[in-house]
2 protein chains.
Amino acid sequence: MIAQTPNPPYYAVIFTSVRTEPDLAYTEMATVMHELAKTQDGFLGIESARENVGITVSYWRDLESIKKWKAHSEHLQAQKLGREKWYQTYKTRICLVERDYEFSR
Amino acid sequence: MIAQTPNPPYYAVIFTSVRTEPDLAYTEMATVMHELAKTQDGFLGIESARENVGITVSYWRDLESIKKWKAHSEHLQAQKLGREKWYQTYKTRICLVERDYEFSR
């Protein structure tokens with residue numbers, strides 16, 4: 001679903017990736033990492049979809065909480081497996097959300 | 001594919017949406033808008049995927065080019081149809097990309 005984030009400013013991490021061959025362990029790890037991210041201090045929300053590319057956007061209170069999540073021991077292990085096995089290529093962008101607006105029917 | 005963007009800083013527009021019922025006209029309009037966006041001054045790239053939510057991230061040189069694209073007459077018409085017919089809900093976030101890094105196998 002669409003993340004219910006507070007009023008800006010806050011941070012977004014846009015993670016865009018192209019996978020190698022599908023792998024059940026990847027799906028399990030992705031679920032575990034989503035659940036673990038949600039428990040981190042400063043986590044605000046997450047949105048994710050995959051077709052030809054996967055796009056996961058996670059939202060954070062500040063750069064410090066992003067830095068801590070990147071350095072979390074279980075997340076480090078997942079990142080290592082990602083580079084070794086699961087990702088053909090990826091790009092991570094750290095962004096300051098300056099403004100947002102929404103529509104609902 | 002993953003957008004080949006220049007070194008930061010640049011801007012990202014994260015558009016997250018939930019659709020109403022599938023509609024061929026929507027798919028056609030989305031394709032036309034992607035192609036039209038690519039021709040705009042300041043456009044840097046686009047990434048898109050849809051599962052339960054759709055996430056489209058477009059990248060831009062500056063706020064001015066985002067503002068012009070938002071006000072483009074054909075894009076305005078597409079936005080209007082989006083609110084009238086195609087989207088249950090959406091959220092748009094305007095972000096300054098401060099830092100990025102990538103991995104390739």
# chains A, B, ... in the order shown; residues from 1 in each chain; ligands from 1
>>> interface_residues(of="chain B", to="chain A", cutoff="9 Å", atoms="only C-alpha atoms", output="VMD selection string")
chain B and resid 1 to 3 11 to 12 14 16 to 18 47 to 57 83 to 84 87 to 105
>>> calpha_fit_and_write(fixed="chain A", moving="chain B", output="short mmCIF file (atom, residue, chain, number, x, y, z; two decimals) with N, CA and C atoms, in the first residue's frame")
data_model
loop_
_atom_site.label_atom_id
_atom_site.label_comp_id
_atom_site.auth_asym_id
_atom_site.auth_seq_id
_atom_site.Cartn_x
_atom_site.Cartn_y
_atom_site.Cartn_z
N MET B 1 0.82 -1.19 0.03
CA MET B 1 -0.01 0.01 0.02
C MET B 1 0.86 1.27 0.03
N ILE B 2 0.21 2.39 -0.11
CA ILE B 2 0.93 3.66 -0.11
C ILE B 2 1.31 4.00 1.34
N ALA B 3 2.57 4.32 1.55
CA ALA B 3 3.06 4.59 2.90
C ALA B 3 2.43 5.87 3.46
N GLN B 4 2.00 5.79 4.71
CA GLN B 4 1.41 6.95 5.39
C GLN B 4 2.53 7.69 6.11
N THR B 5 3.15 8.60 5.42
CA THR B 5 4.31 9.32 5.95
C THR B 5 3.87 10.66 6.55
N PRO B 6 4.67 11.19 7.47
CA PRO B 6 4.34 12.49 8.08
C PRO B 6 4.59 13.62 7.09
N ASN B 7 4.30 14.84 7.51
CA ASN B 7 4.60 15.98 6.64
C ASN B 7 6.10 16.10 6.38
N PRO B 8 6.51 16.49 5.16
CA PRO B 8 7.93 16.70 4.87
C PRO B 8 8.47 17.84 5.75
N PRO B 9 9.80 17.88 5.93
CA PRO B 9 10.81 17.05 5.29
C PRO B 9 11.02 15.71 6.00
N TYR B 10 11.32 14.69 5.19
CA TYR B 10 11.77 13.39 5.68
C TYR B 10 12.60 12.79 4.55
N TYR B 11 13.13 11.60 4.75
CA TYR B 11 14.01 11.03 3.74
C TYR B 11 13.39 9.82 3.04
N ALA B 12 13.78 9.62 1.79
CA ALA B 12 13.40 8.43 1.02
C ALA B 12 14.66 7.75 0.52
N VAL B 13 14.68 6.43 0.57
CA VAL B 13 15.74 5.65 -0.06
C VAL B 13 15.09 4.87 -1.21
N ILE B 14 15.46 5.24 -2.44
CA ILE B 14 14.93 4.56 -3.62
C ILE B 14 15.93 3.48 -4.01
N PHE B 15 15.50 2.22 -3.94
CA PHE B 15 16.36 1.09 -4.28
C PHE B 15 15.77 0.43 -5.53
N THR B 16 16.46 0.57 -6.65
CA THR B 16 16.00 0.00 -7.92
C THR B 16 16.93 -1.14 -8.30
N SER B 17 16.37 -2.30 -8.65
CA SER B 17 17.22 -3.47 -8.87
C SER B 17 16.73 -4.32 -10.03
N VAL B 18 17.68 -5.04 -10.63
CA VAL B 18 17.36 -6.08 -11.60
C VAL B 18 17.88 -7.38 -11.01
N ARG B 19 17.01 -8.38 -10.94
CA ARG B 19 17.32 -9.66 -10.31
C ARG B 19 18.10 -10.60 -11.23
N THR B 20 18.77 -11.55 -10.61
CA THR B 20 19.26 -12.71 -11.35
C THR B 20 18.07 -13.70 -11.44
N GLU B 21 18.31 -14.98 -11.57
CA GLU B 21 17.21 -15.95 -11.64
C GLU B 21 16.39 -15.95 -10.34
N PRO B 22 15.07 -16.15 -10.46
CA PRO B 22 14.23 -16.24 -9.27
C PRO B 22 14.75 -17.29 -8.29
N ASP B 23 14.55 -17.06 -7.01
CA ASP B 23 15.19 -17.84 -5.97
C ASP B 23 14.30 -17.69 -4.73
N LEU B 24 13.82 -18.80 -4.20
CA LEU B 24 12.91 -18.76 -3.05
C LEU B 24 13.56 -18.08 -1.85
N ALA B 25 14.85 -18.31 -1.68
CA ALA B 25 15.56 -17.71 -0.54
C ALA B 25 15.52 -16.19 -0.61
N TYR B 26 15.54 -15.65 -1.84
CA TYR B 26 15.48 -14.19 -1.99
C TYR B 26 14.16 -13.65 -1.47
N THR B 27 13.07 -14.30 -1.87
CA THR B 27 11.73 -13.84 -1.47
C THR B 27 11.60 -13.88 0.05
N GLU B 28 12.10 -14.96 0.65
CA GLU B 28 12.05 -15.06 2.11
C GLU B 28 12.87 -13.96 2.76
N MET B 29 14.08 -13.73 2.24
CA MET B 29 14.94 -12.70 2.81
C MET B 29 14.32 -11.31 2.66
N ALA B 30 13.70 -11.05 1.51
CA ALA B 30 13.07 -9.74 1.28
C ALA B 30 11.97 -9.51 2.32
N THR B 31 11.18 -10.55 2.59
CA THR B 31 10.10 -10.43 3.57
C THR B 31 10.69 -10.16 4.96
N VAL B 32 11.72 -10.92 5.33
CA VAL B 32 12.36 -10.74 6.64
C VAL B 32 12.92 -9.32 6.77
N MET B 33 13.56 -8.83 5.71
CA MET B 33 14.16 -7.49 5.76
C MET B 33 13.09 -6.39 5.86
N HIS B 34 11.97 -6.58 5.14
CA HIS B 34 10.87 -5.61 5.27
C HIS B 34 10.38 -5.56 6.72
N GLU B 35 10.19 -6.73 7.29
CA GLU B 35 9.67 -6.78 8.66
C GLU B 35 10.67 -6.19 9.65
N LEU B 36 11.95 -6.47 9.43
CA LEU B 36 12.99 -5.96 10.32
C LEU B 36 13.12 -4.43 10.18
N ALA B 37 13.03 -3.94 8.96
CA ALA B 37 13.12 -2.48 8.71
C ALA B 37 12.04 -1.75 9.51
N LYS B 38 10.84 -2.35 9.52
CA LYS B 38 9.70 -1.72 10.19
C LYS B 38 9.92 -1.52 11.69
N THR B 39 10.82 -2.30 12.27
CA THR B 39 11.06 -2.20 13.72
C THR B 39 12.18 -1.20 14.04
N GLN B 40 12.82 -0.62 13.02
CA GLN B 40 13.97 0.25 13.28
C GLN B 40 13.53 1.66 13.68
N ASP B 41 14.32 2.26 14.55
CA ASP B 41 14.08 3.64 14.95
C ASP B 41 14.17 4.56 13.72
N GLY B 42 13.19 5.43 13.55
CA GLY B 42 13.21 6.38 12.44
C GLY B 42 12.54 5.87 11.17
N PHE B 43 12.12 4.60 11.15
CA PHE B 43 11.42 4.05 9.97
C PHE B 43 10.03 4.68 9.84
N LEU B 44 9.67 5.13 8.64
CA LEU B 44 8.37 5.78 8.44
C LEU B 44 7.43 5.01 7.52
N GLY B 45 7.98 4.13 6.66
CA GLY B 45 7.09 3.42 5.75
C GLY B 45 7.87 2.80 4.61
N ILE B 46 7.20 1.93 3.84
CA ILE B 46 7.87 1.26 2.71
C ILE B 46 6.86 0.98 1.61
N GLU B 47 7.31 1.08 0.37
CA GLU B 47 6.49 0.75 -0.80
C GLU B 47 7.36 -0.06 -1.75
N SER B 48 6.77 -1.07 -2.39
CA SER B 48 7.57 -1.97 -3.21
C SER B 48 6.76 -2.55 -4.35
N ALA B 49 7.37 -2.66 -5.53
CA ALA B 49 6.74 -3.32 -6.67
C ALA B 49 7.84 -3.84 -7.59
N ARG B 50 7.55 -4.95 -8.28
CA ARG B 50 8.55 -5.48 -9.22
C ARG B 50 7.89 -5.91 -10.52
N GLU B 51 8.43 -5.46 -11.65
CA GLU B 51 8.11 -6.04 -12.96
C GLU B 51 9.46 -6.33 -13.62
N ASN B 52 9.83 -5.58 -14.65
CA ASN B 52 11.17 -5.77 -15.22
C ASN B 52 12.25 -5.32 -14.23
N VAL B 53 11.97 -4.24 -13.53
CA VAL B 53 12.83 -3.82 -12.43
C VAL B 53 12.03 -3.90 -11.14
N GLY B 54 12.73 -4.00 -10.04
CA GLY B 54 12.11 -3.88 -8.73
C GLY B 54 12.39 -2.49 -8.20
N ILE B 55 11.38 -1.87 -7.63
CA ILE B 55 11.57 -0.57 -6.98
C ILE B 55 11.06 -0.70 -5.55
N THR B 56 11.94 -0.47 -4.60
CA THR B 56 11.53 -0.42 -3.19
C THR B 56 11.90 0.96 -2.68
N VAL B 57 10.91 1.67 -2.16
CA VAL B 57 11.17 2.98 -1.56
C VAL B 57 10.88 2.87 -0.08
N SER B 58 11.89 3.11 0.75
CA SER B 58 11.66 3.16 2.19
C SER B 58 11.81 4.60 2.65
N TYR B 59 11.03 4.94 3.67
CA TYR B 59 10.98 6.33 4.15
C TYR B 59 11.50 6.36 5.58
N TRP B 60 12.28 7.41 5.87
CA TRP B 60 13.00 7.51 7.14
C TRP B 60 12.95 8.93 7.68
N ARG B 61 13.08 9.01 9.00
CA ARG B 61 13.02 10.31 9.67
C ARG B 61 14.21 11.19 9.30
N ASP B 62 15.41 10.58 9.21
CA ASP B 62 16.62 11.38 9.00
C ASP B 62 17.75 10.49 8.47
N LEU B 63 18.86 11.11 8.12
CA LEU B 63 20.00 10.37 7.56
C LEU B 63 20.59 9.39 8.59
N GLU B 64 20.54 9.78 9.86
CA GLU B 64 21.10 8.92 10.91
C GLU B 64 20.38 7.57 10.96
N SER B 65 19.06 7.58 10.84
CA SER B 65 18.33 6.31 10.90
C SER B 65 18.60 5.46 9.65
N ILE B 66 18.82 6.11 8.49
CA ILE B 66 19.19 5.37 7.27
C ILE B 66 20.55 4.71 7.44
N LYS B 67 21.48 5.47 8.02
CA LYS B 67 22.85 4.98 8.23
C LYS B 67 22.85 3.76 9.18
N LYS B 68 22.06 3.85 10.23
CA LYS B 68 21.98 2.73 11.19
C LYS B 68 21.38 1.49 10.54
N TRP B 69 20.34 1.68 9.75
CA TRP B 69 19.71 0.53 9.07
C TRP B 69 20.68 -0.10 8.07
N LYS B 70 21.43 0.73 7.34
CA LYS B 70 22.40 0.19 6.39
C LYS B 70 23.46 -0.66 7.09
N ALA B 71 23.80 -0.29 8.33
CA ALA B 71 24.86 -0.97 9.08
C ALA B 71 24.34 -2.06 10.01
N HIS B 72 23.02 -2.30 10.02
CA HIS B 72 22.43 -3.35 10.87
C HIS B 72 23.01 -4.71 10.47
N SER B 73 23.42 -5.52 11.45
CA SER B 73 24.17 -6.74 11.14
C SER B 73 23.39 -7.71 10.23
N GLU B 74 22.10 -7.92 10.50
CA GLU B 74 21.32 -8.84 9.66
C GLU B 74 21.12 -8.26 8.25
N HIS B 75 20.98 -6.94 8.19
CA HIS B 75 20.82 -6.28 6.90
C HIS B 75 22.13 -6.35 6.10
N LEU B 76 23.25 -6.22 6.78
CA LEU B 76 24.56 -6.34 6.11
C LEU B 76 24.71 -7.71 5.46
N GLN B 77 24.28 -8.75 6.17
CA GLN B 77 24.35 -10.11 5.64
C GLN B 77 23.45 -10.24 4.40
N ALA B 78 22.27 -9.63 4.46
CA ALA B 78 21.35 -9.66 3.31
C ALA B 78 21.96 -8.91 2.12
N GLN B 79 22.59 -7.78 2.37
CA GLN B 79 23.23 -7.00 1.31
C GLN B 79 24.34 -7.82 0.63
N LYS B 80 25.10 -8.54 1.46
CA LYS B 80 26.20 -9.37 0.94
C LYS B 80 25.66 -10.48 0.02
N LEU B 81 24.61 -11.17 0.47
CA LEU B 81 23.99 -12.21 -0.35
C LEU B 81 23.40 -11.61 -1.62
N GLY B 82 22.86 -10.41 -1.50
CA GLY B 82 22.31 -9.72 -2.67
C GLY B 82 23.36 -9.52 -3.75
N ARG B 83 24.53 -9.07 -3.34
CA ARG B 83 25.61 -8.83 -4.31
C ARG B 83 26.18 -10.15 -4.85
N GLU B 84 26.24 -11.16 -3.97
CA GLU B 84 26.83 -12.44 -4.38
C GLU B 84 25.90 -13.25 -5.28
N LYS B 85 24.56 -13.16 -5.02
CA LYS B 85 23.66 -14.12 -5.66
C LYS B 85 22.47 -13.50 -6.39
N TRP B 86 21.84 -12.50 -5.79
CA TRP B 86 20.49 -12.15 -6.20
C TRP B 86 20.34 -11.01 -7.19
N TYR B 87 21.31 -10.09 -7.18
CA TYR B 87 21.14 -8.91 -8.03
C TYR B 87 22.11 -8.90 -9.19
N GLN B 88 21.58 -8.66 -10.38
CA GLN B 88 22.40 -8.40 -11.55
C GLN B 88 23.00 -7.01 -11.43
N THR B 89 22.15 -6.08 -11.01
CA THR B 89 22.56 -4.69 -10.84
C THR B 89 21.55 -3.99 -9.94
N TYR B 90 22.01 -2.99 -9.21
CA TYR B 90 21.07 -2.16 -8.44
C TYR B 90 21.61 -0.75 -8.29
N LYS B 91 20.72 0.15 -7.96
CA LYS B 91 21.11 1.53 -7.68
C LYS B 91 20.32 2.01 -6.48
N THR B 92 21.01 2.68 -5.57
CA THR B 92 20.39 3.22 -4.36
C THR B 92 20.52 4.73 -4.39
N ARG B 93 19.40 5.41 -4.15
CA ARG B 93 19.42 6.87 -4.14
C ARG B 93 18.87 7.38 -2.80
N ILE B 94 19.63 8.23 -2.14
CA ILE B 94 19.23 8.81 -0.86
C ILE B 94 18.69 10.21 -1.12
N CYS B 95 17.43 10.43 -0.73
CA CYS B 95 16.71 11.64 -1.16
C CYS B 95 16.04 12.35 0.01
N LEU B 96 16.08 13.64 -0.03
CA LEU B 96 15.31 14.46 0.91
C LEU B 96 13.95 14.76 0.29
N VAL B 97 12.88 14.28 0.94
CA VAL B 97 11.52 14.58 0.43
C VAL B 97 11.17 15.99 0.88
N GLU B 98 11.03 16.87 -0.09
CA GLU B 98 10.80 18.29 0.23
C GLU B 98 9.31 18.62 0.28
N ARG B 99 8.52 17.87 -0.52
CA ARG B 99 7.11 18.23 -0.65
C ARG B 99 6.35 16.98 -1.06
N ASP B 100 5.10 16.83 -0.61
CA ASP B 100 4.29 15.73 -1.12
C ASP B 100 2.83 16.17 -1.17
N TYR B 101 2.05 15.47 -1.98
CA TYR B 101 0.61 15.71 -2.03
C TYR B 101 -0.05 14.42 -2.49
N GLU B 102 -1.36 14.31 -2.17
CA GLU B 102 -2.02 13.05 -2.48
C GLU B 102 -3.45 13.27 -2.95
N PHE B 103 -3.99 12.20 -3.53
CA PHE B 103 -5.37 12.20 -3.99
C PHE B 103 -6.01 10.90 -3.51
N SER B 104 -7.25 10.99 -3.03
CA SER B 104 -8.02 9.77 -2.77
C SER B 104 -9.44 9.98 -3.26
N ARG B 105 -9.98 8.94 -3.83
CA ARG B 105 -11.32 8.97 -4.38
C ARG B 105 -12.35 9.08 -3.27
#
>>> select_by_dssp(residues="chain B", states="strand (DSSP E)", output="ChimeraX atom specification")
/B:10-19,43-50,54-60,87-104
>>> decode(residues="region 70-87 of chain B", atoms="N, CA and C atoms", output="mmCIF file, in the first residue's frame")
data_model
loop_
_atom_site.group_PDB
_atom_site.id
_atom_site.type_symbol
_atom_site.label_atom_id
_atom_site.label_comp_id
_atom_site.auth_asym_id
_atom_site.auth_seq_id
_atom_site.Cartn_x
_atom_site.Cartn_y
_atom_site.Cartn_z
ATOM 1 N N LYS B 70 4.635 19.176 -14.932
ATOM 2 C CA LYS B 70 3.338 19.074 -14.261
ATOM 3 C C LYS B 70 2.283 19.929 -14.966
ATOM 4 N N ALA B 71 2.710 21.057 -15.536
ATOM 5 C CA ALA B 71 1.782 22.001 -16.167
ATOM 6 C C ALA B 71 1.638 21.795 -17.674
ATOM 7 N N HIS B 72 2.323 20.792 -18.243
ATOM 8 C CA HIS B 72 2.237 20.504 -19.679
ATOM 9 C C HIS B 72 0.788 20.157 -20.038
ATOM 10 N N SER B 73 0.259 20.736 -21.116
ATOM 11 C CA SER B 73 -1.177 20.617 -21.403
ATOM 12 C C SER B 73 -1.635 19.156 -21.571
ATOM 13 N N GLU B 74 -0.867 18.347 -22.294
ATOM 14 C CA GLU B 74 -1.279 16.942 -22.482
ATOM 15 C C GLU B 74 -1.178 16.163 -21.165
ATOM 16 N N HIS B 75 -0.181 16.520 -20.364
ATOM 17 C CA HIS B 75 -0.019 15.864 -19.064
ATOM 18 C C HIS B 75 -1.153 16.270 -18.115
ATOM 19 N N LEU B 76 -1.578 17.519 -18.185
ATOM 20 C CA LEU B 76 -2.714 17.983 -17.364
ATOM 21 C C LEU B 76 -3.970 17.183 -17.677
ATOM 22 N N GLN B 77 -4.196 16.926 -18.958
ATOM 23 C CA GLN B 77 -5.354 16.144 -19.385
ATOM 24 C C GLN B 77 -5.259 14.711 -18.836
ATOM 25 N N ALA B 78 -4.051 14.146 -18.877
ATOM 26 C CA ALA B 78 -3.842 12.790 -18.334
ATOM 27 C C ALA B 78 -4.076 12.776 -16.824
ATOM 28 N N GLN B 79 -3.612 13.794 -16.125
ATOM 29 C CA GLN B 79 -3.812 13.885 -14.671
ATOM 30 C C GLN B 79 -5.306 13.939 -14.333
ATOM 31 N N LYS B 80 -6.045 14.706 -15.139
ATOM 32 C CA LYS B 80 -7.491 14.856 -14.928
ATOM 33 C C LYS B 80 -8.206 13.501 -15.097
ATOM 34 N N LEU B 81 -7.871 12.788 -16.172
ATOM 35 C CA LEU B 81 -8.457 11.458 -16.398
ATOM 36 C C LEU B 81 -8.051 10.499 -15.288
ATOM 37 N N GLY B 82 -6.828 10.639 -14.810
ATOM 38 C CA GLY B 82 -6.354 9.799 -13.711
ATOM 39 C C GLY B 82 -7.223 9.955 -12.474
ATOM 40 N N ARG B 83 -7.538 11.197 -12.138
ATOM 41 C CA ARG B 83 -8.362 11.443 -10.943
ATOM 42 C C ARG B 83 -9.821 11.029 -11.182
ATOM 43 N N GLU B 84 -10.293 11.221 -12.418
ATOM 44 C CA GLU B 84 -11.697 10.911 -12.715
ATOM 45 C C GLU B 84 -11.949 9.408 -12.842
ATOM 46 N N LYS B 85 -10.940 8.664 -13.395
ATOM 47 C CA LYS B 85 -11.229 7.283 -13.782
ATOM 48 C C LYS B 85 -10.256 6.240 -13.246
ATOM 49 N N TRP B 86 -8.968 6.536 -13.268
ATOM 50 C CA TRP B 86 -7.984 5.468 -13.182
ATOM 51 C C TRP B 86 -7.393 5.192 -11.809
ATOM 52 N N TYR B 87 -7.369 6.218 -10.957
ATOM 53 C CA TYR B 87 -6.703 6.018 -9.667
ATOM 54 C C TYR B 87 -7.679 6.001 -8.511
#
